[in-house]
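Note sheet for the following structure.
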Amino acid sequence: MDQNKFLSKNNFKIWSKLGMRASFGIIAQEISQKEKNLIILTADVSTSAGLDRFKKKFPEKYIDVGIAEQNLIGIATGLSSEGFNVITTTFAPFQTMRCCEQIKVNLGYMNQKICMVGLASGLVLGNLGYTHCCIEDVGVLRSIPNITIISPADSAELAKALLASFNHKNSVYIRLTGGSGIQQVYEEDYEFKIGKAISLKKGSDLTIVSSGQMVGEALAVSKKLEEKKIFAEVINFHTIKPIDENMIKEFVKKNKLIICIEEHNLYGGLNSAISECLAKLENTPKMISYGIDDRYTKGGDYDFLKKKFKLDANLIVNEILLEIKNLKNNE
């Protein structure tokens with residue numbers, strides 16, 4: 001695999017149009033040329049994961065275990081113990097919670113290593129209700145030792161995360177959010193390291209931290225604030241576990257307000273990871289968090305649910321402006 005050609009500006013653009021799920025299968029085909037011991041296991045989701053071409057081109061590298069997610073982890077663990085680089089994939093709630101005990105025992109406790117890809121996490125499958133929406137996966141897996149959690153900002157970062165997972169010491173959960181046509185955060189190749197957050201935009205008034213598809217929303221918030229002469233730093237915490245504590249220590253010194261945006265329950269996700277770090281520090285700024293406020297609602301399409309939980313740039317900007325006004329009045 002020619003990485004310069006693979007991680008190209010043109011590919012980044014195409015992948016973002018396709019969205020993370022569809023581009024996952026294309027990326028997997030490219031990676032399989034480099035990773036000779038790669039094998040992908042699915043639970044009856046080849047089409048949903050964009051893997052139909054992969055399984056036809058590399059039938060020896062593809063196993064469908066059927067709708068049996070607990071077996072998915074067991075078989076993957078056995079293959080990993082025999083020297084294969086294993087990727088498992090199915091929809092996020094089934095990839096994580098349905099086989100939580102197998103993940104705990106085989107990957108956490110026994111410390112076998114695989115890469116799990118959770119399809120369509122967050123709210124994107126809202127029309128199917130909360131059996132298919134997944135707002136709990138990060139919180140569940142954060143509590144299991146020896147599991148690294150990555151939530152890519154766009155399809156380009158998905159490619160980076162998959163490549164990095166093969167050389168990582170622990171099992172990795174890659175959480176895919178958003179649908180097709182997600183905002184393209186990265187236009188050119190860049191340095192990606194597991195556990196190292198990325199500052200996407202500098203700002204001197206406040207800091208916006210985010211992960212997954214919400215990074216695009218964070219950039220939109222920053223742009224709208226800039227029109228009001230308010231300059232926000234935007235940081236992509238693609239790795240939620242381990243959280244980049246050094247980055248947190250840096251940005252708390254600079255600004256008086258932190259905004260956290262995530263497509264997950266406010267309990268257990270990025271908000272919790274950053275709050276736990278802030279609790280160790282002194283004189284930290286106020287943090288306001290946007291996410292799912294610990295409740296299940298009626299189903300609905302993606303845009304409807306994002307607005308319901310204020311995961312919308314316009315709604316967030318209005319609240320930030322009020323908060324900044326209050327901060328100035330209290331000075």
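Just remember, in the structure tokens the first chain shown is A, the second B, etc., residues are 1-based per chain, and ligands are 1-based in the order shown.
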
Item checked: Test item: residues at most 8 Å from A:Asn106, only C-alpha atoms, excluding those fewer than 5 positions along its chain, as a ChimeraX atom specification -> /A:73-74,77,111-112

Next item on the list: Could you tell me, as a PyMOL selection string, which residues of stretch 44-126 of chain A DSSP assigns to helix (DSSP H, G or I) when given the backbone?
Entry: chain A and resi 52-57+59-61+69-81+92-96+100-109+126

Could you turn the residues from that selection into a file that holds C-alpha atoms, as a CSV table (one decimal), in the first residue's frame?
chain,number,residue,atom,x,y,z
A,52,ASP,CA,-19.4,-6.5,0.2
A,53,ARG,CA,-16.5,-5.9,-2.2
A,54,PHE,CA,-14.0,-6.8,0.5
A,55,LYS,CA,-15.5,-10.2,1.1
A,56,LYS,CA,-15.6,-11.0,-2.7
A,57,LYS,CA,-12.0,-9.9,-3.2
A,59,PRO,CA,-12.8,-14.3,0.9
A,60,GLU,CA,-10.0,-15.9,2.9
A,61,LYS,CA,-9.8,-12.7,5.1
A,69,GLU,CA,-22.1,-11.0,18.6
A,70,GLN,CA,-20.8,-12.8,21.6
A,71,ASN,CA,-19.4,-15.5,19.4
A,72,LEU,CA,-17.9,-12.7,17.3
A,73,ILE,CA,-15.7,-11.7,20.1
A,74,GLY,CA,-14.8,-15.3,21.1
A,75,ILE,CA,-13.8,-16.2,17.5
A,76,ALA,CA,-11.9,-13.0,17.1
A,77,THR,CA,-10.0,-13.6,20.3
A,78,GLY,CA,-9.0,-17.1,19.1
A,79,LEU,CA,-7.7,-15.8,15.8
A,80,SER,CA,-5.8,-13.0,17.6
A,81,SER,CA,-4.1,-15.6,19.8
A,92,ALA,CA,-22.4,-0.1,17.9
A,93,PRO,CA,-24.9,-1.3,20.5
A,94,PHE,CA,-24.4,-4.9,19.5
A,95,GLN,CA,-20.6,-4.6,19.1
A,96,THR,CA,-20.3,-3.3,22.7
A,100,CYS,CA,-19.8,-6.7,27.1
A,101,GLU,CA,-18.9,-9.8,29.2
A,102,GLN,CA,-16.8,-11.3,26.4
A,103,ILE,CA,-15.0,-8.0,25.9
A,104,LYS,CA,-14.3,-7.8,29.6
A,105,VAL,CA,-13.0,-11.3,29.9
A,106,ASN,CA,-11.3,-11.9,26.6
A,107,LEU,CA,-9.9,-8.5,25.8
A,108,GLY,CA,-9.8,-6.7,29.2
A,109,TYR,CA,-8.9,-9.5,31.6
A,126,GLY,CA,-32.8,7.5,15.4

Margin query: Taking only stretch 71-208 of chain A into account, list the residues labelled strand (DSSP E or B) by DSSP (computed from the backbone), as a VMD selection string.
Written below: chain A and resid 85 to 91 115 to 122 134 147 to 150 171 to 177 198 to 201 206 to 208

Check: stretch 238-246 of chain A: which residues within 8 Å, counting only C-alpha atoms, same-chain residues fewer than 2 positions away excluded, as an MDAnalysis selection string?
Finding: chainID A and resid 142 147:153 194:198 210:212 236 248:250 269:270 273:274 277

List every residue of stretch 122-171 of chain A that has an atom at most 12 Å from any atom of stretch 293-308 of chain A, and for each one report the closest atom pair and its distance in Å to one decimal, counting only C-alpha atoms, with rows sorted by chain and then by increasing residue number, as a Markdown table.
| residue | atom | partner | partner_atom | distance |
| --- | --- | --- | --- | --- |
| A:Gly122 | CA | A:Tyr302 | CA | 9.4 |
| A:Leu123 | CA | A:Tyr302 | CA | 6.0 |
| A:Val124 | CA | A:Tyr302 | CA | 4.9 |
| A:Leu125 | CA | A:Tyr302 | CA | 6.9 |
| A:Gly126 | CA | A:Gly300 | CA | 5.0 |
| A:Asn127 | CA | A:Gly300 | CA | 4.7 |
| A:Leu128 | CA | A:Gly299 | CA | 6.6 |
| A:Gly129 | CA | A:Gly299 | CA | 4.6 |
| A:Tyr130 | CA | A:Tyr296 | CA | 7.1 |
| A:Thr131 | CA | A:Gly299 | CA | 10.0 |
| A:His132 | CA | A:Gly299 | CA | 10.1 |
| A:Cys133 | CA | A:Gly299 | CA | 9.0 |
| A:Cys134 | CA | A:Tyr296 | CA | 10.7 |
| A:Ile135 | CA | A:Asp294 | CA | 9.0 |
| A:Glu136 | CA | A:Asp294 | CA | 9.5 |
| A:Gly139 | CA | A:Asp294 | CA | 11.8 |

Check: What is the distance between atom CA of A:Asn167 and atom CA of A:Phe237, in Å to one decimal?
Finding: 19.8 Å

Margin query: Show me, as an NGL selection string, the residues that have an atom within 10 Å of A:Leu163 when counting only C-alpha atoms, minus same-chain residues fewer than 2 positions from it.
Written below: :A and (27-28 or 31 or 34-35 or 157-161 or 165-168 or 192)

Selection file, C-alpha atoms, as a PDB file, in the first residue's frame:
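Output file out12.pdb is given in full below:
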ATOM      1  CA  ILE A  27     -10.322   1.610   3.626  1.00  0.00           C
ATOM      2  CA  ALA A  28     -10.272  -2.040   4.721  1.00  0.00           C
ATOM      3  CA  ILE A  31      -5.231  -1.826   4.433  1.00  0.00           C
ATOM      4  CA  LYS A  34      -0.350  -3.958   3.695  1.00  0.00           C
ATOM      5  CA  GLU A  35      -1.539  -6.106   6.586  1.00  0.00           C
ATOM      6  CA  GLU A 157      -9.378   9.935  10.729  1.00  0.00           C
ATOM      7  CA  LEU A 158     -11.048   6.522  10.596  1.00  0.00           C
ATOM      8  CA  ALA A 159      -8.302   5.398   8.190  1.00  0.00           C
ATOM      9  CA  LYS A 160      -5.660   6.830  10.516  1.00  0.00           C
ATOM     10  CA  ALA A 161      -7.203   5.107  13.536  1.00  0.00           C
ATOM     11  CA  SER A 165      -4.648   0.242  15.965  1.00  0.00           C
ATOM     12  CA  PHE A 166      -2.457  -2.502  14.477  1.00  0.00           C
ATOM     13  CA  ASN A 167       0.624  -1.190  16.278  1.00  0.00           C
ATOM     14  CA  HIS A 168      -1.174  -0.330  19.499  1.00  0.00           C
ATOM     15  CA  PHE A 192      -2.249  11.036  14.189  1.00  0.00           C
TER      16      PHE A 192
END

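The space separating atom CA of A:Cys260 from atom CA of A:Val209 comes to 4.9 Å.
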
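Distance check against A:Asp64 using only C-alpha atoms: of A:Val234, A:Leu141, A:Ile320, A:Ala49, the minimum falls on A:Ala49.
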
Checklist line | Contact residues around A:Lys256 with only C-alpha atoms at 10 Å, ignoring same-chain residues under 4 positions, as a PyMOL selection string | finding: chain A and resi 204-207+251-252+284-287+324+327

Note to self: Could you list, as a PyMOL selection string, every residue within 7 Å of A:Gly118, counting only C-alpha atoms and ignoring same-chain residues fewer than 6 positions away?
What the structure shows: chain A and resi 89-92+95+174-176

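With only C-alpha atoms as the atoms that count, the residue of A:Leu119, A:Glu187, A:Asn265, A:Ala22 with the shortest distance to A:Thr42 is A:Leu119.
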
Notebook entry, point to check: Out of A:Ala156, A:Ala218, A:Leu18, A:Val86, which residue has the shortest atom-to-atom distance to A:Phe6 when counting only C-alpha atoms?
Noted result: A:Ala156

Next item on the list: Extract, using only C-alpha atoms, all DNA, RNA and protein residues at most 8 Å from A:Lys202, discarding same-chain residues fewer than 4 positions from it, and format them as a PyMOL selection string.
Entry: chain A and resi 231-234
